[in-house]
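J.: Structure: start.cif, mmCIF, C-alpha atoms.
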```cif
data_upload
#
loop_
_atom_site.group_PDB
_atom_site.id
_atom_site.type_symbol
_atom_site.label_atom_id
_atom_site.label_comp_id
_atom_site.auth_asym_id
_atom_site.auth_seq_id
_atom_site.Cartn_x
_atom_site.Cartn_y
_atom_site.Cartn_z
ATOM 1 C CA MET C 192 16.495 -9.557 11.277
ATOM 2 C CA ASN C 193 18.117 -11.639 8.540
ATOM 3 C CA LEU C 194 15.688 -14.518 7.967
ATOM 4 C CA SER C 195 14.909 -16.432 4.808
ATOM 5 C CA ALA C 196 11.363 -16.448 3.444
ATOM 6 C CA ASP C 197 11.030 -20.071 4.624
ATOM 7 C CA ASP C 198 12.198 -19.094 8.130
ATOM 8 C CA ILE C 199 9.673 -16.259 8.277
ATOM 9 C CA THR C 200 6.873 -18.550 7.111
ATOM 10 C CA ALA C 201 7.806 -21.233 9.650
ATOM 11 C CA ARG C 202 8.021 -18.719 12.509
ATOM 12 C CA LEU C 203 4.691 -17.092 11.617
ATOM 13 C CA ARG C 204 2.900 -20.405 11.251
ATOM 14 C CA GLY C 205 4.470 -21.795 14.411
ATOM 15 C CA GLY C 206 3.647 -18.692 16.446
ATOM 16 C CA ILE C 207 0.015 -18.598 15.323
ATOM 17 C CA VAL C 208 -0.537 -22.349 15.721
ATOM 18 C CA ASP C 209 1.042 -22.245 19.206
ATOM 19 C CA TYR C 210 -1.075 -19.217 20.103
ATOM 20 C CA LEU C 211 -4.264 -20.938 18.947
ATOM 21 C CA GLY C 212 -3.440 -24.319 20.455
ATOM 22 C CA LEU C 213 -5.695 -25.976 17.855
ATOM 23 C CA PRO C 214 -5.161 -28.541 15.108
ATOM 24 C CA THR C 215 -4.973 -26.434 11.945
ATOM 25 C CA ALA C 216 -4.079 -28.805 9.098
ATOM 26 C CA GLY C 217 -5.768 -27.785 5.860
ATOM 27 C CA TRP C 218 -6.806 -24.343 7.077
ATOM 28 C CA THR C 219 -7.146 -21.445 4.641
ATOM 29 C CA PRO C 220 -5.918 -17.908 5.372
ATOM 30 C CA SER C 221 -9.495 -16.928 6.273
ATOM 31 C CA ASP C 222 -9.780 -19.877 8.670
ATOM 32 C CA PHE C 223 -6.764 -18.540 10.570
ATOM 33 C CA ALA C 224 -8.102 -14.991 10.471
ATOM 34 C CA GLU C 225 -11.537 -16.020 11.759
ATOM 35 C CA SER C 226 -9.990 -18.046 14.583
ATOM 36 C CA LEU C 227 -8.243 -14.883 15.800
ATOM 37 C CA LEU C 228 -11.337 -12.636 15.837
ATOM 38 C CA GLY C 229 -11.389 -10.491 18.946
ATOM 39 C CA ILE C 230 -7.659 -10.660 19.651
ATOM 40 C CA VAL C 231 -6.819 -7.321 21.298
ATOM 41 C CA GLU C 232 -3.631 -5.291 21.548
ATOM 42 C CA GLU C 233 -2.056 -5.266 24.965
ATOM 43 C CA GLY C 234 0.434 -2.646 26.062
ATOM 44 C CA GLY C 235 -0.513 0.397 24.000
ATOM 45 C CA GLN C 236 -1.219 1.342 20.415
ATOM 46 C CA ASN C 237 0.199 -1.296 18.055
ATOM 47 C CA LYS C 238 1.943 -3.062 20.942
ATOM 48 C CA GLY C 239 1.773 -6.528 22.440
ATOM 49 C CA PRO C 240 -0.137 -9.398 20.912
ATOM 50 C CA PRO C 241 -1.163 -9.498 18.116
ATOM 51 C CA ASP C 242 1.414 -6.990 16.834
ATOM 52 C CA ALA C 243 4.240 -8.989 18.388
ATOM 53 C CA LEU C 244 2.796 -12.233 16.982
ATOM 54 C CA TYR C 245 2.452 -10.950 13.417
ATOM 55 C CA ASN C 246 5.644 -8.883 13.450
ATOM 56 C CA LEU C 247 7.733 -11.856 14.585
ATOM 57 C CA GLY C 248 8.142 -10.539 18.092
ATOM 58 C CA LEU C 249 9.360 -7.047 17.180
ATOM 59 C CA ASP C 250 6.501 -5.327 19.027
ATOM 60 C CA ASP C 251 7.757 -2.049 17.552
ATOM 61 C CA GLY C 252 4.490 -0.147 17.343
ATOM 62 C CA SER C 253 4.002 -0.622 13.606
ATOM 63 C CA ALA C 254 0.490 -0.830 12.199
ATOM 64 C CA TRP C 255 -0.360 -4.486 11.768
ATOM 65 C CA CYS C 256 -3.221 -4.882 9.270
ATOM 66 C CA ALA C 257 -0.825 -5.898 6.472
ATOM 67 C CA THR C 258 1.310 -8.124 8.687
ATOM 68 C CA ALA C 259 -1.861 -9.850 9.889
ATOM 69 C CA VAL C 260 -2.902 -10.615 6.295
ATOM 70 C CA MET C 261 0.609 -11.867 5.474
ATOM 71 C CA ALA C 262 0.705 -13.974 8.656
ATOM 72 C CA TRP C 263 -2.704 -15.552 7.938
ATOM 73 C CA TYR C 264 -1.501 -16.505 4.456
ATOM 74 C CA ALA C 265 1.828 -17.816 5.778
ATOM 75 C CA ALA C 266 0.094 -19.852 8.487
ATOM 76 C CA ALA C 267 -1.992 -21.495 5.754
ATOM 77 C CA GLY C 268 1.184 -22.374 3.838
ATOM 78 C CA HIS C 269 0.826 -19.659 1.182
ATOM 79 C CA PRO C 270 3.345 -16.920 2.046
ATOM 80 C CA LEU C 271 2.780 -13.649 0.216
ATOM 81 C CA HIS C 272 6.356 -12.429 0.448
ATOM 82 C CA LEU C 273 8.752 -13.555 -2.255
ATOM 83 C CA LEU C 274 11.906 -12.592 -0.419
ATOM 84 C CA ALA C 275 12.487 -12.253 3.302
ATOM 85 C CA ARG C 276 13.258 -8.530 3.023
ATOM 86 C CA GLN C 277 9.856 -7.961 1.421
ATOM 87 C CA TYR C 278 8.116 -9.095 4.584
ATOM 88 C CA TRP C 279 9.539 -6.043 6.342
ATOM 89 C CA GLN C 280 8.916 -3.738 3.366
ATOM 90 C CA TRP C 281 5.308 -4.830 2.968
ATOM 91 C CA ARG C 282 4.267 -4.193 6.575
ATOM 92 C CA ALA C 283 2.354 -1.106 5.413
ATOM 93 C CA ALA C 284 -0.902 -1.793 3.550
ATOM 94 C CA ARG C 285 0.045 0.470 0.632
ATOM 95 C CA SER C 286 3.346 -1.381 0.238
ATOM 96 C CA LEU C 287 1.536 -4.730 0.338
ATOM 97 C CA SER C 288 -0.860 -3.471 -2.342
ATOM 98 C CA ILE C 289 2.103 -2.590 -4.559
ATOM 99 C CA GLY C 290 3.752 -5.944 -3.811
ATOM 100 C CA LEU C 291 0.593 -7.816 -4.834
ATOM 101 C CA GLU C 292 0.035 -5.749 -7.996
ATOM 102 C CA GLN C 293 0.420 -8.802 -10.236
ATOM 103 C CA TYR C 294 -2.603 -10.355 -8.495
ATOM 104 C CA ARG C 295 -4.849 -7.279 -8.721
ATOM 105 C CA LEU C 296 -8.338 -7.947 -10.044
ATOM 106 C CA GLY C 297 -9.850 -5.823 -12.766
ATOM 107 C CA LYS C 298 -13.330 -4.325 -12.584
ATOM 108 C CA THR C 299 -14.789 -7.181 -14.649
ATOM 109 C CA GLN C 300 -13.335 -9.786 -12.281
ATOM 110 C CA ILE C 301 -14.603 -7.889 -9.244
ATOM 111 C CA ALA C 302 -18.058 -7.604 -10.794
ATOM 112 C CA ALA C 303 -18.024 -11.373 -11.416
ATOM 113 C CA GLY C 304 -17.686 -11.930 -7.673
ATOM 114 C CA LEU C 305 -15.182 -11.813 -4.868
ATOM 115 C CA ARG C 306 -13.862 -14.950 -3.198
ATOM 116 C CA ARG C 307 -12.878 -16.107 0.233
ATOM 117 C CA ASP C 308 -9.212 -15.234 0.827
ATOM 118 C CA ASP C 309 -9.149 -12.308 -1.627
ATOM 119 C CA VAL C 310 -7.219 -9.388 -0.122
ATOM 120 C CA GLY C 311 -9.113 -6.103 -0.064
ATOM 121 C CA PHE C 312 -7.716 -2.600 0.290
ATOM 122 C CA VAL C 313 -9.462 0.628 1.262
ATOM 123 C CA GLU C 314 -8.170 4.174 1.576
ATOM 124 C CA ARG C 315 -8.216 5.450 5.142
ATOM 125 C CA LYS C 316 -10.389 8.448 5.859
ATOM 126 C CA GLY C 317 -8.620 11.751 5.464
ATOM 127 C CA GLY C 318 -6.015 10.339 3.094
ATOM 128 C CA SER C 319 -3.896 8.889 5.900
ATOM 129 C CA GLY C 320 -2.931 5.752 4.011
ATOM 130 C CA MET C 321 -4.411 2.361 3.218
ATOM 131 C CA HIS C 322 -5.894 -0.458 5.217
ATOM 132 C CA CYS C 323 -6.094 -4.107 4.121
ATOM 133 C CA PHE C 324 -8.029 -7.215 5.120
ATOM 134 C CA LEU C 325 -9.204 -10.644 4.017
ATOM 135 C CA ILE C 326 -12.541 -11.050 2.285
ATOM 136 C CA THR C 327 -14.332 -14.028 3.795
ATOM 137 C CA ARG C 328 -17.495 -14.063 1.666
ATOM 138 C CA GLN C 329 -19.670 -12.074 -0.680
ATOM 139 C CA LEU C 330 -23.306 -11.832 0.340
ATOM 140 C CA HIS C 331 -26.340 -11.997 -1.961
ATOM 141 C CA ASP C 332 -26.805 -8.224 -1.819
ATOM 142 C CA GLY C 333 -23.232 -7.750 -3.107
ATOM 143 C CA SER C 334 -21.760 -6.649 0.209
ATOM 144 C CA ILE C 335 -18.739 -8.501 1.585
ATOM 145 C CA THR C 336 -17.737 -9.759 4.990
ATOM 146 C CA THR C 337 -14.143 -9.344 6.049
ATOM 147 C CA VAL C 338 -11.681 -10.145 8.788
ATOM 148 C CA GLU C 339 -9.498 -7.137 9.543
ATOM 149 C CA GLY C 340 -6.551 -6.677 11.845
ATOM 150 C CA ASN C 341 -5.809 -3.427 13.664
ATOM 151 C CA VAL C 342 -9.339 -2.012 13.697
ATOM 152 C CA GLY C 343 -10.004 -0.425 17.066
ATOM 153 C CA ASN C 344 -6.822 -2.185 18.250
ATOM 154 C CA ARG C 345 -8.261 -5.642 17.595
ATOM 155 C CA THR C 346 -9.109 -8.222 14.922
ATOM 156 C CA VAL C 347 -12.716 -7.819 13.820
ATOM 157 C CA SER C 348 -15.220 -8.970 11.228
ATOM 158 C CA LEU C 349 -16.910 -6.196 9.259
ATOM 159 C CA THR C 350 -19.382 -5.892 6.406
ATOM 160 C CA ARG C 351 -18.254 -3.615 3.601
ATOM 161 C CA GLN C 352 -19.690 -2.475 0.299
ATOM 162 C CA PRO C 353 -17.783 -3.177 -2.928
ATOM 163 C CA TRP C 354 -17.699 0.531 -3.781
ATOM 164 C CA GLU C 355 -15.495 1.088 -0.705
ATOM 165 C CA LEU C 356 -12.689 -1.028 -2.162
ATOM 166 C CA ALA C 357 -9.672 0.749 -3.613
ATOM 167 C CA ALA C 358 -8.249 -2.577 -4.848
ATOM 168 C CA VAL C 359 -8.690 -6.331 -4.563
ATOM 169 C CA CYS C 360 -5.951 -8.904 -5.097
ATOM 170 C CA ARG C 361 -6.314 -12.675 -5.483
ATOM 171 C CA PRO C 362 -2.869 -14.018 -4.571
ATOM 172 C CA MET C 363 -3.993 -17.620 -4.122
ATOM 173 C CA PRO C 364 -6.047 -19.580 -6.624
ATOM 174 C CA ARG C 365 -9.123 -21.149 -5.119
ATOM 175 C CA THR C 366 -8.335 -24.793 -4.450
ATOM 176 C CA TYR C 367 -11.227 -25.799 -2.232
#
```
Could I get this structure in the form of structure tokens?

T.:
Amino acid sequence: MNLSADDITARLRGGIVDYLGLPTAGWTPSDFAESLLGIVEEGGQNKGPPDALYNLGLDDGSAWCATAVMAWYAAAGHPLHLLARQYWQWRAARSLSIGLEQYRLGKTQIAAGLRRDDVGFVERKGGSGMHCFLITRQLHDGSITTVEGNVGNRTVSLTRQPWELAAVCRPMPRTY
């Protein structure tokens, strides 16, 4: 698929807004993510919505945690990909982590507190790769709540501990 970054952003935003059928002006990436909680794969592992929605209709069986994060950002008007080809390269969480390296938070920044719309990364059990998600809030006890795509074949909200995080990136300055 030979699309420009603007085309990809427009298609992702349009597909998600059409899917939701809601007015979404002014939404943040986490607002989009939270509105899609519970969305379930249909048609097999990594098939059907939401994989087809986030992968621009490819429905190719690729893992979709990273494409979900990129789609939520794009829908909010803050695309994470710099070039169209990077959207396809960054579909794996580890690749997205490398692509967002310039936005990676240091230990001091993480200790100072995580923000809504930060992107978190964890290593999968057994060394089978990475998984990524949006951080939606940090609780008083230091734990974080997240919205994660492709967990049990659906979009879910989880509570995680900061020590679980392999990396955190802040690709969008807080403007609200």

J.: Selection in question (the file shown): the PyMOL selection byres ((chain C and resi 323-340) around 7). Which residues does it include, as a ChimeraX atom specification?

T.: /C:221,224-225,255-257,259-260,284,305-313,321-322,341-342,345-353

J.: Evaluate the PyMOL selection byres ((chain C and resi 204) around 12) against this structure - the residues, as an mmCIF file with C-alpha atoms, in the frame of the given file, please.

T.:
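Output file result07.cif follows:
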```cif
data_model
loop_
_atom_site.group_PDB
_atom_site.id
_atom_site.type_symbol
_atom_site.label_atom_id
_atom_site.label_comp_id
_atom_site.auth_asym_id
_atom_site.auth_seq_id
_atom_site.Cartn_x
_atom_site.Cartn_y
_atom_site.Cartn_z
ATOM 1 C CA ASP C 197 11.030 -20.071 4.624
ATOM 2 C CA ASP C 198 12.198 -19.094 8.130
ATOM 3 C CA ILE C 199 9.673 -16.259 8.277
ATOM 4 C CA THR C 200 6.873 -18.550 7.111
ATOM 5 C CA ALA C 201 7.806 -21.233 9.650
ATOM 6 C CA ARG C 202 8.021 -18.719 12.509
ATOM 7 C CA LEU C 203 4.691 -17.092 11.617
ATOM 8 C CA GLY C 205 4.470 -21.795 14.411
ATOM 9 C CA GLY C 206 3.647 -18.692 16.446
ATOM 10 C CA ILE C 207 0.015 -18.598 15.323
ATOM 11 C CA VAL C 208 -0.537 -22.349 15.721
ATOM 12 C CA ASP C 209 1.042 -22.245 19.206
ATOM 13 C CA TYR C 210 -1.075 -19.217 20.103
ATOM 14 C CA LEU C 211 -4.264 -20.938 18.947
ATOM 15 C CA GLY C 212 -3.440 -24.319 20.455
ATOM 16 C CA THR C 215 -4.973 -26.434 11.945
ATOM 17 C CA ALA C 216 -4.079 -28.805 9.098
ATOM 18 C CA TRP C 218 -6.806 -24.343 7.077
ATOM 19 C CA PRO C 220 -5.918 -17.908 5.372
ATOM 20 C CA PHE C 223 -6.764 -18.540 10.570
ATOM 21 C CA LEU C 244 2.796 -12.233 16.982
ATOM 22 C CA TYR C 245 2.452 -10.950 13.417
ATOM 23 C CA LEU C 247 7.733 -11.856 14.585
ATOM 24 C CA ALA C 259 -1.861 -9.850 9.889
ATOM 25 C CA MET C 261 0.609 -11.867 5.474
ATOM 26 C CA ALA C 262 0.705 -13.974 8.656
ATOM 27 C CA TRP C 263 -2.704 -15.552 7.938
ATOM 28 C CA TYR C 264 -1.501 -16.505 4.456
ATOM 29 C CA ALA C 265 1.828 -17.816 5.778
ATOM 30 C CA ALA C 266 0.094 -19.852 8.487
ATOM 31 C CA ALA C 267 -1.992 -21.495 5.754
ATOM 32 C CA GLY C 268 1.184 -22.374 3.838
ATOM 33 C CA HIS C 269 0.826 -19.659 1.182
ATOM 34 C CA PRO C 270 3.345 -16.920 2.046
#
```

J.: When you draw a straight line from atom CA of Gly320 of chain C to atom CA of Asn246 of chain C, how long is it in Å?

T.: 19.4 Å

J.: Please provide the set of residues having any atom within 7 Å of segment 289-302 of chain C, restricted to all atoms listed in the file, with same-chain residues fewer than 2 positions apart removed, written as a list in words.

T.: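 In the requested form, the answer reads Arg285, Ser286, Leu287, Gly304, Leu305, Ala358, Val359, Cys360, Arg361 and Pro362 of chain C.
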
J.: Using only C-alpha atoms, please write the residues we just selected to a file, as an mmCIF file, keeping the file's coordinate frame.

T.:
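What ended up in again15.cif:
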```cif
data_model
loop_
_atom_site.group_PDB
_atom_site.id
_atom_site.type_symbol
_atom_site.label_atom_id
_atom_site.label_comp_id
_atom_site.auth_asym_id
_atom_site.auth_seq_id
_atom_site.Cartn_x
_atom_site.Cartn_y
_atom_site.Cartn_z
ATOM 1 C CA ARG C 285 0.045 0.470 0.632
ATOM 2 C CA SER C 286 3.346 -1.381 0.238
ATOM 3 C CA LEU C 287 1.536 -4.730 0.338
ATOM 4 C CA GLY C 304 -17.686 -11.930 -7.673
ATOM 5 C CA LEU C 305 -15.182 -11.813 -4.868
ATOM 6 C CA ALA C 358 -8.249 -2.577 -4.848
ATOM 7 C CA VAL C 359 -8.690 -6.331 -4.563
ATOM 8 C CA CYS C 360 -5.951 -8.904 -5.097
ATOM 9 C CA ARG C 361 -6.314 -12.675 -5.483
ATOM 10 C CA PRO C 362 -2.869 -14.018 -4.571
#
```

J.: Which of these, C:Gln277, C:Leu271, C:Glu314, C:Gly252, has the shortest distance to Gly234 of chain C once you count only C-alpha atoms?

T.: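 Comparing C:Gln277, C:Leu271, C:Glu314, C:Gly252 against Gly234 of chain C, the winner is C:Gly252.
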
J.: Report, in Å to a single decimal, how far apart atom CA of Gly343 of chain C and atom CA of Asp251 of chain C are.

T.: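 Interatomic distance here is 17.8 Å.
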